[in-house]
$ cat upload34.cif   # mmCIF, C-alpha atoms
data_run
#
loop_
_atom_site.label_atom_id
_atom_site.label_comp_id
_atom_site.auth_asym_id
_atom_site.auth_seq_id
_atom_site.Cartn_x
_atom_site.Cartn_y
_atom_site.Cartn_z
CA MET K 1 111.57 120.93 72.75
CA ALA K 2 108.35 118.94 72.97
CA GLN K 3 108.87 115.47 74.42
CA ASN K 4 106.38 112.63 74.69
CA VAL K 5 105.72 110.60 77.84
CA LEU K 6 104.54 106.97 77.73
CA ALA K 7 102.48 105.53 80.61
CA TYR K 8 102.15 101.79 81.16
CA ILE K 9 98.61 100.81 82.15
CA GLU K 10 98.21 97.85 84.47
CA HIS K 11 94.75 96.28 84.64
CA ARG K 12 93.20 93.23 86.21
CA GLY K 13 89.77 91.63 86.07
CA GLY K 14 88.52 94.18 83.56
CA GLU K 15 89.50 97.13 85.75
CA ILE K 16 92.29 99.68 85.36
CA LYS K 17 94.38 99.78 88.52
CA LYS K 18 94.25 103.06 90.43
CA ALA K 19 98.06 103.15 90.47
CA SER K 20 98.01 103.21 86.66
CA LEU K 21 95.73 106.25 86.65
CA GLU K 22 98.19 107.97 89.02
CA VAL K 23 100.99 107.16 86.57
CA LEU K 24 98.95 108.46 83.64
CA SER K 25 98.08 111.66 85.53
CA GLU K 26 101.78 112.27 86.15
CA ALA K 27 102.59 111.48 82.52
CA HIS K 28 100.07 114.13 81.48
CA ARG K 29 101.61 116.72 83.82
CA GLN K 30 105.14 116.01 82.62
CA ALA K 31 104.18 115.98 78.92
CA GLU K 32 102.22 119.20 79.30
CA LYS K 33 105.29 120.96 80.73
CA SER K 34 107.36 120.09 77.66
CA GLY K 35 104.58 120.58 75.11
CA GLY K 36 104.58 116.89 74.21
CA LYS K 37 101.92 114.17 74.30
CA ALA K 38 100.95 111.78 77.08
CA VAL K 39 100.54 108.32 75.56
CA ALA K 40 98.98 105.39 77.41
CA ILE K 41 99.69 101.79 76.46
CA ALA K 42 97.47 98.89 77.55
CA ILE K 43 98.21 95.28 76.66
CA GLY K 44 95.75 92.38 76.73
CA ASP K 45 92.88 90.77 74.87
CA ALA K 46 89.97 92.53 73.14
CA SER K 47 88.42 93.55 76.47
CA ILE K 48 90.96 96.38 76.88
CA GLU K 49 89.36 98.31 74.02
CA SER K 50 86.79 99.65 76.48
CA TYR K 51 89.52 101.43 78.48
CA ALA K 52 90.19 104.25 76.00
CA PRO K 53 87.56 106.79 77.22
CA ARG K 54 88.69 106.52 80.85
CA LEU K 55 92.35 106.81 79.88
CA GLY K 56 91.51 109.92 77.88
CA ALA K 57 89.74 111.38 80.91
CA TYR K 58 92.86 110.86 83.03
CA GLY K 59 95.26 112.56 80.68
CA ALA K 60 96.03 110.38 77.67
CA ASP K 61 96.30 112.31 74.41
CA LYS K 62 96.83 108.99 72.64
CA VAL K 63 96.01 105.42 73.64
CA ILE K 64 97.86 102.42 72.23
CA LEU K 65 95.93 99.16 72.56
CA ALA K 66 98.12 96.09 72.03
CA VAL K 67 95.50 93.38 71.51
CA ARG K 68 96.21 89.68 71.23
CA GLU K 69 94.33 86.82 72.88
CA GLU K 70 97.53 85.15 74.13
CA LEU K 71 98.27 88.35 76.07
CA ALA K 72 95.10 88.27 78.18
CA LEU K 73 97.23 87.23 81.17
CA TYR K 74 100.51 88.88 82.06
CA SER K 75 103.80 87.78 80.48
CA SER K 76 106.96 89.68 81.47
CA ASP K 77 108.90 89.04 78.26
CA ALA K 78 106.05 89.82 75.85
CA TYR K 79 104.75 92.85 77.76
CA GLY K 80 108.29 94.20 78.22
CA GLU K 81 109.11 93.90 74.51
CA ILE K 82 105.82 95.54 73.50
CA VAL K 83 106.44 98.49 75.83
CA ALA K 84 109.98 98.84 74.45
CA GLU K 85 108.64 98.91 70.88
CA ALA K 86 105.97 101.45 71.85
CA THR K 87 108.65 103.64 73.42
CA LYS K 88 110.48 103.69 70.09
CA SER K 89 107.39 104.19 67.93
CA THR K 90 106.12 107.12 70.01
CA ASP K 91 109.60 108.61 70.45
CA ALA K 92 108.93 108.78 74.18
CA ALA K 93 111.68 110.43 76.19
CA LEU K 94 110.16 109.36 79.52
CA VAL K 95 108.34 106.11 80.32
CA LEU K 96 106.37 105.77 83.56
CA PHE K 97 105.17 102.59 85.30
CA PRO K 98 103.29 101.87 88.53
CA ALA K 99 105.70 100.47 91.15
CA SER K 100 103.58 97.34 91.53
CA THR K 101 104.99 93.84 91.14
CA GLN K 102 103.86 93.75 87.51
CA GLY K 103 104.86 97.32 86.77
CA LYS K 104 108.39 96.91 88.14
CA ASP K 105 108.81 93.61 86.31
CA THR K 106 107.71 95.12 82.98
CA ALA K 107 109.89 98.20 83.54
CA ALA K 108 112.98 96.07 84.17
CA TYR K 109 112.42 93.98 81.03
CA ALA K 110 111.75 97.04 78.86
CA SER K 111 114.81 98.76 80.31
CA GLY K 112 116.95 95.82 79.22
CA CYS K 113 115.43 95.82 75.72
CA LEU K 114 116.08 99.55 75.34
CA GLU K 115 119.42 99.56 77.21
CA ALA K 116 118.02 102.54 79.09
CA GLY K 117 118.28 103.81 82.65
CA LEU K 118 115.62 102.84 85.19
CA ALA K 119 114.75 104.42 88.54
CA SER K 120 112.43 102.25 90.62
CA GLU K 121 109.92 102.89 93.46
CA CYS K 122 110.15 106.68 93.17
CA THR K 123 108.16 109.06 95.37
CA SER K 124 108.90 112.30 93.50
CA LEU K 125 110.03 113.18 90.00
CA LEU K 126 111.70 116.17 88.37
CA TRP K 127 112.14 116.11 84.59
CA GLU K 128 113.85 119.12 83.03
CA ASP K 129 116.09 119.63 80.00
CA GLY K 130 115.99 115.93 79.17
CA LYS K 131 117.30 114.92 82.59
CA VAL K 132 115.39 112.94 85.22
CA GLN K 133 115.94 113.40 88.93
CA ALA K 134 113.85 111.00 90.99
CA VAL K 135 113.72 110.38 94.73
CA ARG K 136 113.29 106.88 96.09
CA PRO K 137 113.30 105.53 99.67
CA VAL K 138 116.06 103.10 100.69
CA TYR K 139 116.90 101.11 103.85
CA SER K 140 113.21 100.40 104.52
CA GLY K 141 112.35 104.09 104.22
CA ARG K 142 115.02 105.29 106.66
CA ALA K 143 116.77 107.36 103.97
CA LEU K 144 115.98 108.96 100.61
CA LEU K 145 118.15 108.51 97.54
CA THR K 146 118.14 110.87 94.56
CA VAL K 147 118.65 109.02 91.27
CA GLU K 148 119.62 110.87 88.10
CA ILE K 149 119.12 109.59 84.55
CA SER K 150 120.62 111.83 81.88
CA GLY K 151 119.96 109.71 78.77
CA THR K 152 116.74 109.05 76.89
CA PRO K 153 114.50 107.26 77.13
CA ALA K 154 114.41 107.32 80.92
CA LEU K 155 112.23 104.74 82.68
CA VAL K 156 110.74 105.39 86.10
CA SER K 157 108.34 103.38 88.28
CA LEU K 158 106.23 105.49 90.63
CA ARG K 159 105.28 104.41 94.13
CA LYS K 160 101.53 104.26 94.70
CA ASN K 161 99.67 107.05 96.51
CA ASN K 162 102.49 109.59 95.99
CA PHE K 163 101.34 111.15 92.70
CA PRO K 164 97.86 112.71 92.77
CA LEU K 165 95.12 111.78 90.35
CA MET K 166 94.22 114.61 88.01
CA THR K 167 90.64 115.83 87.83
CA PRO K 168 89.03 113.74 85.06
CA ARG K 169 88.55 115.63 81.82
CA ALA K 170 85.02 115.46 80.44
CA GLY K 171 84.32 114.83 76.78
CA VAL K 172 87.92 114.07 75.78
CA SER K 173 88.40 111.64 72.90
CA PRO K 174 92.03 110.50 72.71
CA GLU K 175 93.64 109.31 69.51
CA ILE K 176 93.45 105.50 69.49
CA GLU K 177 95.98 103.21 67.86
CA LYS K 178 95.15 99.51 67.91
CA ILE K 179 98.01 97.14 67.16
CA ILE K 180 98.34 93.36 66.95
CA PRO K 181 101.75 92.61 68.43
CA SER K 182 103.92 90.16 66.53
CA VAL K 183 105.69 89.15 69.74
CA ALA K 184 104.31 86.07 71.50
CA PRO K 185 105.06 85.18 75.13
CA LYS K 186 107.76 82.55 75.60
CA ALA K 187 105.88 81.27 78.63
CA VAL K 188 102.08 81.41 78.63
CA THR K 189 100.08 81.89 81.84
CA ARG K 190 97.13 79.51 81.79
CA LYS K 191 95.37 80.45 85.01
CA VAL K 192 95.63 82.93 87.86
CA VAL K 193 94.34 81.77 91.25
CA GLN K 194 93.12 84.75 93.26
CA SER K 195 93.12 84.96 97.02
CA GLU K 196 89.71 84.25 98.52
CA SER K 197 90.13 87.25 100.83
CA LYS K 198 87.53 89.97 100.32
CA SER K 199 89.60 92.60 102.15
CA LEU K 200 90.64 95.85 100.51
CA ASP K 201 93.96 96.06 98.67
CA VAL K 202 96.48 97.86 100.90
CA SER K 203 98.18 99.31 97.83
CA GLU K 204 95.06 101.25 96.86
CA ALA K 205 93.27 101.89 100.16
CA ASP K 206 92.81 105.39 101.57
CA ILE K 207 92.86 104.07 105.16
CA ILE K 208 94.99 101.19 106.47
CA VAL K 209 94.86 99.65 109.94
CA SER K 210 98.15 97.84 110.44
CA GLY K 211 99.44 95.36 113.01
CA GLY K 212 102.90 94.22 114.05
CA ARG K 213 104.59 91.93 116.55
CA GLY K 214 102.98 93.92 119.36
CA LEU K 215 99.89 91.80 118.69
CA LYS K 216 101.83 88.90 120.29
CA GLU K 217 100.27 86.18 118.12
CA ALA K 218 98.56 85.63 114.77
CA LYS K 219 95.01 85.23 116.11
CA ASN K 220 95.09 88.78 117.45
CA PHE K 221 94.97 90.11 113.88
CA ASP K 222 91.22 89.61 114.34
CA LEU K 223 91.33 92.82 116.41
CA ILE K 224 92.86 94.63 113.44
CA ARG K 225 90.27 93.18 111.07
CA LYS K 226 87.36 94.27 113.29
CA LEU K 227 88.65 97.83 113.50
CA ALA K 228 89.32 97.91 109.75
CA ASP K 229 85.72 96.80 109.09
CA VAL K 230 84.39 99.65 111.22
CA LEU K 231 86.55 102.23 109.44
CA GLY K 232 86.13 100.81 105.94
CA ALA K 233 89.89 100.31 105.87
CA ALA K 234 92.37 97.76 104.55
CA VAL K 235 94.27 95.42 106.88
CA GLY K 236 98.01 96.05 106.86
CA ALA K 237 100.89 94.19 108.46
CA SER K 238 104.57 94.67 109.24
CA ARG K 239 107.21 92.66 107.42
CA PRO K 240 108.13 90.52 110.49
CA THR K 241 104.53 89.35 110.95
CA VAL K 242 104.32 88.42 107.27
CA ASP K 243 107.68 86.62 107.43
CA ASP K 244 106.46 84.71 110.50
CA GLY K 245 103.35 83.56 108.64
CA TRP K 246 100.85 85.39 110.82
CA ILE K 247 99.16 86.93 107.78
CA GLY K 248 99.49 86.86 103.99
CA HIS K 249 102.15 88.78 102.06
CA ASP K 250 99.51 90.87 100.27
CA HIS K 251 98.89 92.72 103.56
CA GLN K 252 102.48 93.95 103.94
#
$ encode --input "upload34.cif" --output "structure tokens"
Amino acid sequence: MAQNVLAYIEHRGGEIKKASLEVLSEAHRQAEKSGGKAVAIAIGDASIESYAPRLGAYGADKVILAVREELALYSSDAYGEIVAEATKSTDAALVLFPASTQGKDTAAYASGCLEAGLASECTSLLWEDGKVQAVRPVYSGRALLTVEISGTPALVSLRKNNFPLMTPRAGVSPEIEKIIPSVAPKAVTRKVVQSESKSLDVSEADIIVSGGRGLKEAKNFDLIRKLADVLGAAVGASRPTVDDGWIGHDHQ
């Protein structure tokens, strides 16, 4: 039986996050296996309308654009409710999210709205006969746990850099559905203050040079930064060094 897959698209600063394109690519692969449709949903202000061609190239058969000015900046309750409603309207049996801070937050809220099972931070996914089996690391990656969700819809957040991007499809024009959500955020974000760091995002970098307590002290992260610059890499850090305040949390 054909079953649809919904992919949540995270974006920031007018750009679709690479992790979202990985999620959409996987949604396309899973939908194709069942003969269903891969549907992408993006939420924000009118600027998101430009995303449709790229989402079509990366596997979306249909793109839902939830446009409202108050939703330009992220709101967990509003975004979660909109995704839950889109899940119902598209009859999606599987809903995929990037395992980013925003993606996991939205997935948890939508899961509560739908009273549906959620597997988080997954590194592999098997979806057959309406049943999801997903593998996720536990105990700081020292063990792998297989999570099974037998009901529908099943919600899964996918860990970055574990699901390959599909080769972009040329000349694909997805079906576009533009909606004006009736839901308004209970709390409105007025401003987001970005880090002044110009370094690459560790969550999306192909190469990471990482440091730990072996550096002895915070100032020695300069050695890591110099090597990262030479390699065109992101600067990474272990959890203890972040907890000790040697470097910002975004490098962990």
$ residues_near_point --input "upload34.cif" --point "(115.3, 107.1, 95.7)" --cutoff "10 Å" --atoms "only C-alpha atoms" --output "ChimeraX atom specification"
/K:119-125,133-138,141,143-148
$ closest_residue --input "upload34.cif" --among "K:Leu227, K:Ala154, K:Ala108, K:Leu165" --to "Ile207 (chain K)" --atoms "all atoms listed in the file"
K:Leu227
$ resolve_selection --input "upload34.cif" --expression "the PyMOL selection byres ((chain K and resi 39-55) around 6)" --output "list in words"
Leu6, Ala7, Tyr8, Ile9, Ala38, Gly56, Ala57, Tyr58, Ala60, Asp61, Lys62, Val63, Ile64, Leu65, Ala66, Val67, Arg68, Glu69, Leu71 and Ala72 of chain K
$ write_last_selection --input "upload34.cif" --atoms "C-alpha atoms" --output "mmCIF file, in the frame of the given file"
data_model
loop_
_atom_site.group_PDB
_atom_site.id
_atom_site.type_symbol
_atom_site.label_atom_id
_atom_site.label_comp_id
_atom_site.auth_asym_id
_atom_site.auth_seq_id
_atom_site.Cartn_x
_atom_site.Cartn_y
_atom_site.Cartn_z
ATOM 1 C CA LEU K 6 104.540 106.970 77.730
ATOM 2 C CA ALA K 7 102.480 105.530 80.610
ATOM 3 C CA TYR K 8 102.150 101.790 81.160
ATOM 4 C CA ILE K 9 98.610 100.810 82.150
ATOM 5 C CA ALA K 38 100.950 111.780 77.080
ATOM 6 C CA GLY K 56 91.510 109.920 77.880
ATOM 7 C CA ALA K 57 89.740 111.380 80.910
ATOM 8 C CA TYR K 58 92.860 110.860 83.030
ATOM 9 C CA ALA K 60 96.030 110.380 77.670
ATOM 10 C CA ASP K 61 96.300 112.310 74.410
ATOM 11 C CA LYS K 62 96.830 108.990 72.640
ATOM 12 C CA VAL K 63 96.010 105.420 73.640
ATOM 13 C CA ILE K 64 97.860 102.420 72.230
ATOM 14 C CA LEU K 65 95.930 99.160 72.560
ATOM 15 C CA ALA K 66 98.120 96.090 72.030
ATOM 16 C CA VAL K 67 95.500 93.380 71.510
ATOM 17 C CA ARG K 68 96.210 89.680 71.230
ATOM 18 C CA GLU K 69 94.330 86.820 72.880
ATOM 19 C CA LEU K 71 98.270 88.350 76.070
ATOM 20 C CA ALA K 72 95.100 88.270 78.180
#
$ residues_near_point --input "upload34.cif" --point "(102.5, 94.5, 85.9)" --cutoff "12 Å" --atoms "all atoms listed in the file" --output "JSON, numbers by chain"
{"K": [8, 9, 10, 11, 12, 16, 17, 19, 20, 42, 43, 44, 73, 74, 75, 76, 77, 78, 79, 80, 83, 97, 98, 99, 100, 101, 102, 103, 104, 105, 106, 107, 108, 109, 110, 157]}
$ write_last_selection --input "upload34.cif" --atoms "C-alpha atoms" --output "short mmCIF file (atom, residue, chain, number, x, y, z; two decimals), in the coordinates of the input"
data_model
loop_
_atom_site.label_atom_id
_atom_site.label_comp_id
_atom_site.auth_asym_id
_atom_site.auth_seq_id
_atom_site.Cartn_x
_atom_site.Cartn_y
_atom_site.Cartn_z
CA TYR K 8 102.15 101.79 81.16
CA ILE K 9 98.61 100.81 82.15
CA GLU K 10 98.21 97.85 84.47
CA HIS K 11 94.75 96.28 84.64
CA ARG K 12 93.20 93.23 86.21
CA ILE K 16 92.29 99.68 85.36
CA LYS K 17 94.38 99.78 88.52
CA ALA K 19 98.06 103.15 90.47
CA SER K 20 98.01 103.21 86.66
CA ALA K 42 97.47 98.89 77.55
CA ILE K 43 98.21 95.28 76.66
CA GLY K 44 95.75 92.38 76.73
CA LEU K 73 97.23 87.23 81.17
CA TYR K 74 100.51 88.88 82.06
CA SER K 75 103.80 87.78 80.48
CA SER K 76 106.96 89.68 81.47
CA ASP K 77 108.90 89.04 78.26
CA ALA K 78 106.05 89.82 75.85
CA TYR K 79 104.75 92.85 77.76
CA GLY K 80 108.29 94.20 78.22
CA VAL K 83 106.44 98.49 75.83
CA PHE K 97 105.17 102.59 85.30
CA PRO K 98 103.29 101.87 88.53
CA ALA K 99 105.70 100.47 91.15
CA SER K 100 103.58 97.34 91.53
CA THR K 101 104.99 93.84 91.14
CA GLN K 102 103.86 93.75 87.51
CA GLY K 103 104.86 97.32 86.77
CA LYS K 104 108.39 96.91 88.14
CA ASP K 105 108.81 93.61 86.31
CA THR K 106 107.71 95.12 82.98
CA ALA K 107 109.89 98.20 83.54
CA ALA K 108 112.98 96.07 84.17
CA TYR K 109 112.42 93.98 81.03
CA ALA K 110 111.75 97.04 78.86
CA SER K 157 108.34 103.38 88.28
#
$ closest_residue --input "upload34.cif" --among "K:Asp91, K:Glu32, K:Glu81, K:Ser203" --to "Asn162 (chain K)" --atoms "all atoms listed in the file"
K:Ser203
$ resolve_selection --input "upload34.cif" --expression "the PyMOL selection byres ((chain K and resi 213) around 10)" --output "list in words"
Gly211, Gly212, Gly214, Leu215, Lys216, Glu217, Ala218, Ala237, Ser238, Arg239, Pro240, Thr241, Val242, Asp244 and Trp246 of chain K
$ atom_distance --input "upload34.cif" --atom1 "CA of Val209 (chain K)" --atom2 "CA of Val235 (chain K)"
5.3 Å
$ atom_distance --input "upload34.cif" --atom1 "CA of Trp127 (chain K)" --atom2 "CA of Pro168 (chain K)"
23.2 Å
$ atom_distance --input "upload34.cif" --atom1 "CA of Ile247 (chain K)" --atom2 "CA of Val202 (chain K)"
13.2 Å
$ resolve_selection --input "upload34.cif" --expression "the PyMOL selection byres ((chain K and resi 26) around 10)" --output "PyMOL selection string"
chain K and resi 5+7+20-25+27-32+38+58-59+96+125+158+163-166
$ axis_aligned_box --input "upload34.cif" --around "region 156-162 of chain K" --padding-each-side "5 Å" --output "lines of an AutoDock Vina configuration file"
center_x = 105.2
center_y = 106.5
center_z = 91.3
size_x = 21.1
size_y = 16.2
size_z = 20.4
$ closest_residue --input "upload34.cif" --among "K:Asp129, K:Thr90, K:Gly14, K:Val95" --to "Ser34 (chain K)" --atoms "all atoms listed in the file"
K:Asp129
$ closest_residue --input "upload34.cif" --among "K:Glu85, K:Asp222, K:Asp229, K:Asp201" --to "Lys18 (chain K)" --atoms "all atoms listed in the file"
K:Asp201
$ build_atoms --input "upload34.cif" --residues "region 205-221 of chain K" --atoms "N, CA and C atoms" --output "short mmCIF file (atom, residue, chain, number, x, y, z; two decimals), in the frame of the given file"
data_model
loop_
_atom_site.label_atom_id
_atom_site.label_comp_id
_atom_site.auth_asym_id
_atom_site.auth_seq_id
_atom_site.Cartn_x
_atom_site.Cartn_y
_atom_site.Cartn_z
N ALA K 205 94.21 101.43 99.14
CA ALA K 205 93.27 101.89 100.16
C ALA K 205 93.62 103.29 100.65
N ASP K 206 92.60 104.06 100.99
CA ASP K 206 92.81 105.39 101.57
C ASP K 206 93.13 105.31 103.06
N ILE K 207 92.62 104.27 103.73
CA ILE K 207 92.86 104.07 105.16
C ILE K 207 93.37 102.65 105.36
N ILE K 208 94.44 102.51 106.16
CA ILE K 208 94.99 101.19 106.47
C ILE K 208 95.13 101.07 107.99
N VAL K 209 94.63 99.98 108.54
CA VAL K 209 94.86 99.65 109.94
C VAL K 209 95.88 98.52 109.96
N SER K 210 97.04 98.78 110.56
CA SER K 210 98.15 97.84 110.44
C SER K 210 98.55 97.28 111.80
N GLY K 211 98.99 96.02 111.79
CA GLY K 211 99.44 95.36 113.01
C GLY K 211 100.87 94.87 112.89
N GLY K 212 101.54 94.72 114.02
CA GLY K 212 102.90 94.22 114.05
C GLY K 212 103.06 93.18 115.15
N ARG K 213 104.30 92.95 115.54
CA ARG K 213 104.59 91.93 116.55
C ARG K 213 104.01 92.27 117.93
N GLY K 214 103.62 93.53 118.11
CA GLY K 214 102.98 93.92 119.36
C GLY K 214 101.68 93.19 119.59
N LEU K 215 101.11 92.58 118.55
CA LEU K 215 99.89 91.80 118.69
C LEU K 215 100.13 90.48 119.42
N LYS K 216 101.42 90.09 119.53
CA LYS K 216 101.83 88.90 120.29
C LYS K 216 101.63 87.58 119.55
N GLU K 217 100.50 87.43 118.85
CA GLU K 217 100.27 86.18 118.12
C GLU K 217 99.30 86.41 116.96
N ALA K 218 99.30 85.46 116.02
CA ALA K 218 98.56 85.63 114.77
C ALA K 218 97.08 85.85 114.98
N LYS K 219 96.47 85.14 115.94
CA LYS K 219 95.01 85.23 116.11
C LYS K 219 94.56 86.63 116.49
N ASN K 220 95.48 87.43 117.04
CA ASN K 220 95.09 88.78 117.45
C ASN K 220 94.95 89.75 116.27
N PHE K 221 95.28 89.29 115.06
CA PHE K 221 94.97 90.11 113.88
C PHE K 221 93.47 90.27 113.70
#
